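Colleague: Below is entry_9.txt; it holds compact mmCIF, C-alpha atoms.
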# COMPACT_ATOMS: atom_id res chain seq x y z
CA MET L 9 -201.00 79.98 -47.36
CA TRP L 10 -197.40 79.89 -46.13
CA TRP L 11 -198.41 78.13 -42.91
CA ALA L 12 -200.23 75.46 -44.89
CA ILE L 13 -197.20 75.01 -47.18
CA LEU L 14 -194.66 74.74 -44.36
CA GLY L 15 -196.89 72.60 -42.14
CA ALA L 16 -197.77 70.15 -44.88
CA ALA L 17 -194.14 69.98 -46.04
CA ALA L 18 -192.92 69.24 -42.51
CA GLY L 19 -195.64 66.59 -42.12
CA CYS L 20 -194.75 64.94 -45.42
CA TYR L 21 -191.08 64.77 -44.38
CA LEU L 22 -191.96 63.21 -41.01
CA LEU L 23 -194.13 60.61 -42.78
CA LYS L 24 -191.14 59.64 -44.94
CA LEU L 25 -188.82 59.48 -41.92
CA ALA L 26 -191.37 57.46 -39.95
CA GLY L 27 -191.32 54.73 -42.58
CA LEU L 28 -187.56 54.37 -42.28
CA SER L 29 -187.63 54.53 -38.48
CA ILE L 30 -190.65 52.76 -36.97
CA PRO L 31 -190.41 49.02 -36.38
CA ALA L 32 -191.96 47.04 -39.22
CA ARG L 33 -194.22 45.05 -36.88
CA VAL L 34 -196.47 48.08 -36.25
CA LEU L 35 -197.50 48.07 -39.90
CA GLU L 36 -197.63 44.30 -40.12
CA ARG L 37 -200.96 44.34 -38.31
CA PRO L 38 -203.46 43.41 -41.04
CA LEU L 39 -205.91 46.25 -40.33
CA VAL L 40 -203.26 48.98 -40.48
CA GLU L 41 -201.72 47.41 -43.57
CA ARG L 42 -205.04 47.16 -45.39
CA ILE L 43 -206.14 50.72 -44.65
CA ALA L 44 -202.69 52.08 -45.54
CA ASP L 45 -202.93 50.18 -48.82
CA LEU L 46 -206.43 51.46 -49.63
CA ILE L 47 -205.93 55.15 -48.81
CA PRO L 48 -203.70 56.03 -51.81
CA VAL L 49 -206.08 54.16 -54.14
CA ALA L 50 -209.13 56.05 -52.87
CA LEU L 51 -207.39 59.44 -52.81
CA LEU L 52 -205.85 59.11 -56.28
CA ALA L 53 -209.16 57.93 -57.76
CA ALA L 54 -210.99 60.85 -56.12
CA LEU L 55 -208.32 63.30 -57.33
CA VAL L 56 -208.68 62.01 -60.91
CA ALA L 57 -212.48 62.42 -60.72
CA VAL L 58 -212.40 65.87 -59.13
CA GLN L 59 -209.59 67.21 -61.34
CA VAL L 60 -211.41 66.10 -64.49
CA PHE L 61 -215.12 66.46 -63.78
CA ALA L 62 -215.42 69.28 -61.23
CA ARG L 63 -215.29 73.02 -61.79
CA GLY L 64 -215.53 74.76 -58.45
CA THR L 65 -218.60 73.23 -56.84
CA HIS L 66 -220.19 72.17 -60.14
CA LEU L 67 -219.75 69.03 -62.20
CA ALA L 68 -218.67 69.67 -65.78
CA LEU L 69 -217.96 67.58 -68.86
CA ASP L 70 -215.38 69.37 -71.01
CA ALA L 71 -212.06 68.95 -72.82
CA ARG L 72 -210.47 67.50 -69.68
CA ALA L 73 -212.66 64.38 -70.02
CA ALA L 74 -211.32 63.83 -73.55
CA GLY L 75 -207.80 64.21 -72.16
CA LEU L 76 -208.54 61.55 -69.55
CA GLY L 77 -209.93 59.23 -72.23
CA VAL L 78 -206.70 59.53 -74.21
CA ALA L 79 -204.71 58.94 -71.02
CA VAL L 80 -206.62 55.67 -70.46
CA VAL L 81 -205.81 54.53 -74.02
CA ALA L 82 -202.14 55.47 -73.54
CA LEU L 83 -202.01 53.50 -70.27
CA LEU L 84 -203.65 50.47 -71.92
CA LEU L 85 -200.91 50.67 -74.56
CA ARG L 86 -198.35 50.68 -71.69
CA ALA L 87 -197.07 54.16 -72.59
CA PRO L 88 -194.55 55.66 -70.13
CA PHE L 89 -195.72 58.15 -67.48
CA LEU L 90 -194.57 61.28 -69.32
CA VAL L 91 -196.26 60.23 -72.59
CA VAL L 92 -199.56 59.68 -70.74
CA VAL L 93 -199.41 63.13 -69.15
CA ILE L 94 -198.45 64.94 -72.36
CA ALA L 95 -201.06 63.08 -74.40
CA ALA L 96 -203.78 64.16 -71.95
CA ALA L 97 -202.64 67.79 -72.08
CA LEU L 98 -202.32 67.89 -75.88
CA THR L 99 -205.77 66.37 -76.35
CA ALA L 100 -207.44 68.96 -74.14
CA ALA L 101 -205.45 71.83 -75.67
CA LEU L 102 -206.24 70.82 -79.26
CA LEU L 103 -209.90 70.27 -78.47
CA ARG L 104 -210.13 73.76 -76.93
CA LEU L 105 -208.43 75.19 -80.02
CA VAL L 106 -211.00 73.56 -82.34
CA VAL L 107 -214.21 74.04 -80.35
CA MET J 18 -176.73 37.33 -49.22
CA THR J 19 -174.01 36.28 -46.77
CA ASP J 20 -171.78 39.35 -47.15
CA PRO J 21 -173.81 42.42 -46.08
CA THR J 22 -171.80 44.83 -48.27
CA PRO J 23 -170.56 43.04 -51.39
CA ARG J 24 -168.55 45.19 -53.80
CA LEU J 25 -170.66 46.22 -56.74
CA PRO J 26 -168.94 45.86 -60.15
CA GLY J 27 -168.27 49.25 -61.72
CA ALA J 28 -170.29 48.48 -64.85
CA GLU J 29 -173.37 47.51 -62.86
CA ARG J 30 -173.01 50.57 -60.65
CA ARG J 31 -172.82 52.84 -63.71
CA ALA J 32 -175.85 51.15 -65.27
CA ILE J 33 -177.90 51.70 -62.12
CA ILE J 34 -176.83 55.36 -61.92
CA ARG J 35 -177.68 55.85 -65.61
CA ASP J 36 -181.18 54.43 -65.03
CA GLY J 37 -181.59 56.73 -62.02
CA LEU J 38 -180.62 59.76 -64.09
CA GLY J 39 -183.10 58.79 -66.82
CA VAL J 40 -185.95 58.53 -64.33
CA GLY J 41 -184.83 61.83 -62.76
CA ILE J 42 -184.95 63.70 -66.06
CA ALA J 43 -188.32 62.23 -67.09
CA THR J 44 -189.87 63.03 -63.71
CA GLY J 45 -188.22 66.46 -63.70
CA LEU J 46 -189.79 67.38 -67.04
CA TYR J 47 -193.15 66.66 -65.50
CA GLY J 48 -192.15 69.10 -62.73
CA ALA J 49 -192.38 71.85 -65.35
CA SER J 50 -196.11 71.20 -65.71
CA TYR J 51 -196.43 71.25 -61.91
CA GLY J 52 -194.72 74.66 -61.82
CA ALA J 53 -196.96 76.09 -64.52
CA VAL J 54 -200.18 74.71 -63.03
CA SER J 55 -199.17 75.94 -59.57
CA VAL J 56 -198.73 79.59 -60.57
CA GLY J 57 -201.92 79.21 -62.62
CA ALA J 58 -203.62 78.13 -59.38
CA GLY J 59 -202.58 81.39 -57.76
CA LEU J 60 -199.43 80.43 -55.84
CA SER J 61 -196.37 82.65 -56.19
CA VAL J 62 -193.18 81.37 -57.83
CA LEU J 63 -191.55 81.28 -54.39
CA GLN J 64 -194.40 79.24 -52.88
CA THR J 65 -194.36 76.89 -55.86
CA CYS J 66 -190.61 76.27 -55.51
CA ALA J 67 -190.85 75.94 -51.71
CA LEU J 68 -193.32 73.08 -52.13
CA SER J 69 -190.97 71.26 -54.52
CA LEU J 70 -187.96 71.78 -52.27
CA LEU J 71 -189.59 71.05 -48.92
CA MET J 72 -192.59 68.80 -49.57
CA PHE J 73 -190.90 67.06 -52.50
CA THR J 74 -193.52 64.44 -53.31
CA GLY J 75 -195.35 65.10 -56.56
CA ALA J 76 -198.82 63.70 -55.91
CA SER J 77 -199.10 65.58 -52.61
CA GLN J 78 -197.94 68.80 -54.27
CA PHE J 79 -200.51 68.46 -57.07
CA ALA J 80 -203.22 67.72 -54.51
CA PHE J 81 -202.22 70.80 -52.52
CA ILE J 82 -202.30 73.19 -55.48
CA GLY J 83 -205.41 71.47 -56.86
CA ALA J 84 -207.33 72.48 -53.75
CA ALA J 85 -205.95 76.03 -54.06
CA ALA J 86 -206.93 76.18 -57.75
CA ALA J 87 -210.50 75.18 -56.93
CA GLY J 88 -210.67 77.95 -54.34
CA GLY J 89 -210.57 75.63 -51.33
CA ALA J 90 -209.09 76.47 -47.94
CA PRO J 91 -205.31 75.87 -47.76
CA LEU J 92 -205.98 73.52 -44.83
CA SER J 93 -207.98 71.02 -46.93
CA GLY J 94 -205.17 70.93 -49.48
CA ALA J 95 -202.65 70.37 -46.70
CA VAL J 96 -204.64 67.50 -45.20
CA THR J 97 -205.01 65.79 -48.59
CA ALA J 98 -201.28 66.22 -49.20
CA LEU J 99 -200.52 64.58 -45.84
CA MET J 100 -202.89 61.67 -46.48
CA LEU J 101 -201.22 61.02 -49.83
CA GLY J 102 -197.87 61.33 -48.08
CA THR J 103 -198.67 58.24 -45.97
CA ARG J 104 -197.78 56.30 -49.13
CA ASN J 105 -194.14 57.25 -48.54
CA THR J 106 -194.31 55.79 -45.01
CA LEU J 107 -195.13 52.41 -46.53
CA TYR J 108 -192.27 52.78 -49.00
CA GLY J 109 -189.94 53.60 -46.10
CA LEU J 110 -190.99 50.43 -44.29
CA LYS J 111 -190.13 48.34 -47.33
CA LEU J 112 -186.87 50.23 -47.89
CA ALA J 113 -185.55 50.32 -44.30
CA PRO J 114 -184.24 46.72 -44.07
CA LEU J 115 -182.96 46.85 -47.65
CA LEU J 116 -181.07 50.14 -47.47
CA ALA J 117 -180.04 49.72 -43.81
CA PHE J 118 -179.13 53.39 -43.31
CA ARG J 119 -178.19 54.17 -39.71
CA GLY J 120 -177.59 57.22 -37.53
CA TRP J 121 -177.53 60.65 -39.20
CA ARG J 122 -177.87 59.10 -42.66
CA ARG J 123 -181.45 58.07 -41.98
CA PRO J 124 -182.95 61.59 -41.52
CA ALA J 125 -180.69 62.80 -44.36
CA VAL J 126 -181.98 60.31 -46.95
CA ALA J 127 -185.60 60.27 -45.71
CA HIS J 128 -186.38 63.27 -47.91
CA LEU J 129 -185.60 61.11 -50.97
CA VAL J 130 -188.24 58.44 -50.21
CA LEU J 131 -190.50 58.67 -53.29
CA ASP J 132 -192.46 56.57 -55.78
CA GLU J 133 -189.52 56.67 -58.17
CA SER J 134 -186.61 56.03 -55.78
CA THR J 135 -188.54 53.13 -54.20
CA ALA J 136 -189.34 51.58 -57.57
CA MET J 137 -185.68 51.84 -58.62
CA SER J 138 -184.33 50.14 -55.48
CA VAL J 139 -186.76 47.48 -54.17
CA THR J 140 -186.09 45.29 -57.22
CA ARG J 141 -182.29 45.16 -56.68
CA ASP J 142 -180.75 41.94 -55.38
CA SER J 143 -178.15 43.38 -52.99
CA GLY J 144 -178.14 46.09 -50.34
CA GLU J 145 -175.35 47.92 -52.15
CA ALA J 146 -177.21 47.94 -55.49
CA ALA J 147 -180.40 49.05 -53.73
CA ARG J 148 -178.59 51.94 -52.06
CA VAL J 149 -177.01 53.06 -55.35
CA GLY J 150 -180.40 52.83 -57.09
CA PHE J 151 -182.16 54.70 -54.28
CA LEU J 152 -179.60 57.50 -53.96
CA SER J 153 -178.98 58.06 -57.69
CA THR J 154 -182.71 58.11 -58.51
CA GLY J 155 -183.66 60.17 -55.46
CA LEU J 156 -180.95 62.79 -56.01
CA ALA J 157 -181.57 62.97 -59.78
CA VAL J 158 -185.31 63.47 -59.24
CA PHE J 159 -184.60 66.10 -56.56
CA VAL J 160 -182.29 68.14 -58.82
CA PHE J 161 -184.41 67.96 -61.97
CA TRP J 162 -187.78 68.23 -60.22
CA ASN J 163 -186.73 71.47 -58.52
CA LEU J 164 -185.00 72.85 -61.60
CA PHE J 165 -188.00 72.24 -63.86
CA THR J 166 -190.45 73.42 -61.18
CA PHE J 167 -188.69 76.79 -61.26
CA LEU J 168 -188.60 76.92 -65.08
CA GLY J 169 -192.26 75.84 -65.25
CA ALA J 170 -193.31 78.47 -62.71
CA ILE J 171 -191.48 81.21 -64.64
CA ALA J 172 -192.96 79.96 -67.92
CA GLY J 173 -196.38 79.68 -66.30
CA ASN J 174 -196.27 83.38 -65.48
CA LEU J 175 -195.43 84.13 -69.11
CA ILE J 176 -197.92 81.83 -70.86
CA GLY J 177 -200.89 82.96 -68.78
CA ASP J 178 -203.85 80.57 -68.48
CA PRO J 179 -202.44 77.00 -68.20
CA ARG J 180 -205.76 75.68 -69.52
CA THR J 181 -204.80 76.87 -73.02
CA TYR J 182 -202.11 74.21 -73.02
CA GLY J 183 -204.30 71.55 -71.45
CA LEU J 184 -202.21 71.53 -68.28
CA ASP J 185 -205.34 71.08 -66.15
CA ALA J 186 -206.07 67.87 -68.06
CA ALA J 187 -202.43 66.81 -67.57
CA VAL J 188 -203.01 66.73 -63.81
CA GLY J 189 -205.91 64.27 -64.13
CA GLY J 190 -203.78 62.13 -66.46
CA ALA J 191 -200.88 62.16 -64.00
CA PHE J 192 -203.03 61.05 -61.06
CA LEU J 193 -204.49 58.28 -63.24
CA ALA J 194 -201.00 57.12 -64.26
CA LEU J 195 -200.02 56.94 -60.56
CA LEU J 196 -203.18 55.00 -59.77
CA TRP J 197 -203.00 52.60 -62.74
CA PRO J 198 -200.47 50.03 -61.41
CA ARG J 199 -202.60 49.60 -58.27
CA LEU J 200 -205.70 48.72 -60.29
CA THR J 201 -204.51 45.18 -61.08
CA GLU J 202 -206.16 44.07 -57.83
CA PRO J 203 -209.95 43.69 -58.13
CA ARG J 204 -210.47 45.01 -54.59
CA ASN J 205 -208.62 48.22 -55.51
CA ARG J 206 -210.70 48.66 -58.67
CA VAL J 207 -213.90 48.59 -56.59
CA ILE J 208 -212.45 51.06 -54.05
CA ALA J 209 -211.30 53.38 -56.85
CA VAL J 210 -214.72 53.48 -58.52
CA VAL J 211 -216.57 53.98 -55.22
CA ALA J 212 -214.13 56.69 -54.09
CA ALA J 213 -214.41 58.57 -57.38
CA ALA J 214 -218.22 58.35 -57.32
CA VAL J 215 -218.45 59.50 -53.70
CA ALA J 216 -216.07 62.40 -54.35
CA LEU J 217 -218.09 63.59 -57.36
CA GLY J 218 -221.31 63.08 -55.40
CA VAL J 219 -220.27 65.53 -52.69
CA VAL J 220 -218.70 68.12 -55.07
CA PRO J 221 -221.89 70.23 -55.26
CA ILE J 222 -222.48 70.27 -51.49
CA THR J 223 -218.98 70.77 -50.02
CA ALA J 224 -216.12 73.25 -50.27
CA ALA J 225 -213.32 72.57 -52.73
CA GLY J 226 -210.79 70.07 -51.43
CA VAL J 227 -213.28 68.34 -49.14
CA PRO J 228 -214.56 65.73 -51.67
CA VAL J 229 -211.12 64.13 -51.85
CA LEU J 230 -210.96 63.90 -48.06
CA VAL J 231 -214.41 62.27 -47.99
CA ALA J 232 -213.05 59.69 -50.44
CA GLY J 233 -210.20 59.04 -48.01
CA GLY J 234 -212.94 58.18 -45.50
CA VAL J 235 -214.21 55.55 -47.95
CA ALA J 236 -210.83 53.80 -47.73
CA LEU J 237 -210.95 53.93 -43.95
CA LEU J 238 -214.45 52.48 -43.88
CA ALA J 239 -213.61 49.76 -46.41
CA GLY J 240 -210.58 48.77 -44.36
CA LEU J 241 -212.65 48.49 -41.18
CA LEU J 242 -215.50 46.58 -42.85
CA GLY J 243 -212.95 44.27 -44.48
CA ARG J 244 -211.71 43.35 -41.03
CA GLY J 245 -215.25 42.54 -39.91
CA ARG J 246 -215.63 40.17 -42.83
CA THR J 247 -212.31 38.44 -42.20
CA GLN J 248 -213.23 37.90 -38.55
CA ALA J 249 -216.63 36.51 -39.53
CA GLU J 250 -214.96 34.13 -41.98
CA GLU J 251 -212.50 33.06 -39.32
CA GLY J 252 -215.38 32.54 -36.90
CA THR J 253 -217.25 30.18 -39.22
CA SER J 254 -214.23 28.12 -40.22
Here is a file; write its structure as structure tokens.
Modeller:
Amino acid sequence: MWWAILGAAAGCYLLKLAGLSIPARVLERPLVERIADLIPVALLAALVAVQVFARGTHLALDARAAGLGVAVVALLLRAPFLVVVIAAALTAALLRLVV
Amino acid sequence: MTDPTPRLPGAERRAIIRDGLGVGIATGLYGASYGAVSVGAGLSVLQTCALSLLMFTGASQFAFIGAAAAGGAPLSGAVTALMLGTRNTLYGLKLAPLLAFRGWRRPAVAHLVLDESTAMSVTRDSGEAARVGFLSTGLAVFVFWNLFTFLGAIAGNLIGDPRTYGLDAAVGGAFLALLWPRLTEPRNRVIAVVAAAVALGVVPITAAGVPVLVAGGVALLAGLLGRGRTQAEEGTS
């Protein structure tokens, strides 16, 4: 576990440094730019789906889905980041308390 | 801007620093939930704090511990964390000409390249204001994120199962909030839906952590196919 932590941390730092250091024209190529733009979208969407609807290697519909629903409403109402996160947590916690 | 380093009025400087502190505290509070979820996922307090100190990029950290929580191999979590970290490379490219840090300062400030510090500096209208916004936000987030990570990890050990407090649902909400501003583009909405569907589709047949990586492949494929289409369009016109 420690090797994964240190390796990933070092890699993340180098990725940050690379952005400040490499010449902008490398990333101005349309293909690189498009893929670099799409990767966070795909990863974040997949992380939302997996965090909410997967339990181990099974799909599950539980209190987390209600939390996500409330998060969507909060985002539509332009709530700040922290409010969205807390609303999702509270919803799931209360639902688990009741059910 | 003709003068590369115009003097920033004291009032404006203080206002920018105050905004940076506000963002730092708000983001830091969210670090408490990261700390609690991380120890709930089976990492030690030391490992949890090491990630905040050394990796220091929230989405990657959550992805890393998410894979651990689901029982995946540490390697799949690390790869997902790195792929999410490419976001910061793009931020750095936008920031480099604006901040114009040279020499030893560049590796020193690179650690502070984040969603928050980028957002609080790219909108400024001078290099000086951008640097103040970047440094104040980056440093404030660093201090509070690490402080609250530690408090959250300690609390997480005390409160037991983080699911009781809905912290597992908080992670999904946080990823969605990070994704939300990117969904204004129709192309991104399609990619997001396809990526989520593909990830869920492979959940039953792959090890934990892998579905998210498969979704990263969707982005790669979409980027490549998009090029094909552009070339075809150019060919016909």
Colleague: Any idea which chain L residues end up within 7 Å of chain J if we count only C-alpha atoms, as an mmCIF file with C-alpha atoms, in the coordinates of the input please?
Modeller:
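Saved the output as iface_17.cif:
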data_model
loop_
_atom_site.group_PDB
_atom_site.id
_atom_site.type_symbol
_atom_site.label_atom_id
_atom_site.label_comp_id
_atom_site.auth_asym_id
_atom_site.auth_seq_id
_atom_site.Cartn_x
_atom_site.Cartn_y
_atom_site.Cartn_z
ATOM 1 C CA MET L 9 -201.000 79.980 -47.360
ATOM 2 C CA ALA L 12 -200.230 75.460 -44.890
ATOM 3 C CA ILE L 13 -197.200 75.010 -47.180
ATOM 4 C CA ALA L 16 -197.770 70.150 -44.880
ATOM 5 C CA ALA L 17 -194.140 69.980 -46.040
ATOM 6 C CA GLY L 19 -195.640 66.590 -42.120
ATOM 7 C CA CYS L 20 -194.750 64.940 -45.420
ATOM 8 C CA TYR L 21 -191.080 64.770 -44.380
ATOM 9 C CA LEU L 23 -194.130 60.610 -42.780
ATOM 10 C CA LYS L 24 -191.140 59.640 -44.940
ATOM 11 C CA LEU L 25 -188.820 59.480 -41.920
ATOM 12 C CA ALA L 26 -191.370 57.460 -39.950
ATOM 13 C CA GLY L 27 -191.320 54.730 -42.580
ATOM 14 C CA LEU L 28 -187.560 54.370 -42.280
ATOM 15 C CA ALA L 32 -191.960 47.040 -39.220
ATOM 16 C CA LEU L 39 -205.910 46.250 -40.330
ATOM 17 C CA ARG L 42 -205.040 47.160 -45.390
ATOM 18 C CA ILE L 43 -206.140 50.720 -44.650
ATOM 19 C CA LEU L 46 -206.430 51.460 -49.630
ATOM 20 C CA ILE L 47 -205.930 55.150 -48.810
ATOM 21 C CA PRO L 48 -203.700 56.030 -51.810
ATOM 22 C CA VAL L 49 -206.080 54.160 -54.140
ATOM 23 C CA ALA L 50 -209.130 56.050 -52.870
ATOM 24 C CA LEU L 51 -207.390 59.440 -52.810
ATOM 25 C CA LEU L 52 -205.850 59.110 -56.280
ATOM 26 C CA ALA L 53 -209.160 57.930 -57.760
ATOM 27 C CA ALA L 54 -210.990 60.850 -56.120
ATOM 28 C CA LEU L 55 -208.320 63.300 -57.330
ATOM 29 C CA VAL L 56 -208.680 62.010 -60.910
ATOM 30 C CA ALA L 57 -212.480 62.420 -60.720
ATOM 31 C CA VAL L 58 -212.400 65.870 -59.130
ATOM 32 C CA GLN L 59 -209.590 67.210 -61.340
ATOM 33 C CA VAL L 60 -211.410 66.100 -64.490
ATOM 34 C CA GLY L 64 -215.530 74.760 -58.450
ATOM 35 C CA THR L 65 -218.600 73.230 -56.840
ATOM 36 C CA HIS L 66 -220.190 72.170 -60.140
ATOM 37 C CA ARG L 72 -210.470 67.500 -69.680
ATOM 38 C CA GLY L 75 -207.800 64.210 -72.160
ATOM 39 C CA LEU L 76 -208.540 61.550 -69.550
ATOM 40 C CA ALA L 79 -204.710 58.940 -71.020
ATOM 41 C CA PHE L 89 -195.720 58.150 -67.480
ATOM 42 C CA LEU L 90 -194.570 61.280 -69.320
ATOM 43 C CA VAL L 92 -199.560 59.680 -70.740
ATOM 44 C CA VAL L 93 -199.410 63.130 -69.150
ATOM 45 C CA ILE L 94 -198.450 64.940 -72.360
ATOM 46 C CA ALA L 96 -203.780 64.160 -71.950
ATOM 47 C CA ALA L 97 -202.640 67.790 -72.080
ATOM 48 C CA LEU L 98 -202.320 67.890 -75.880
ATOM 49 C CA ALA L 100 -207.440 68.960 -74.140
ATOM 50 C CA ALA L 101 -205.450 71.830 -75.670
#
Colleague: Report, in Å with one decimal, the straight-line distance from CA of Asp70 in chain L to CA of Leu84 in chain L.
Modeller: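 Between these atoms lies a distance of 22.3 Å.
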Colleague: If I take CA of Gly52 in chain J and CA of Leu168 in chain J, how far is one from the other in Å, to one decimal?
Modeller: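 A separation of 7.3 Å between them.
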Colleague: May I have the centre and edge lengths, in Å to one decimal, of an axis-aligned box around the listed atoms of range 38-46 of chain L with 6 Å added to every side, as JSON?
Modeller:
{"center_x": -204.1, "center_y": 47.7, "center_z": -45.0, "size_x": 16.7, "size_y": 20.7, "size_z": 21.3}
Colleague: Which value, in Å to one decimal, gives the distance between CA of Pro88 in chain L and CA of Asp36 in chain J?
Modeller: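 Distance reported for this atom pair: 14.4 Å.
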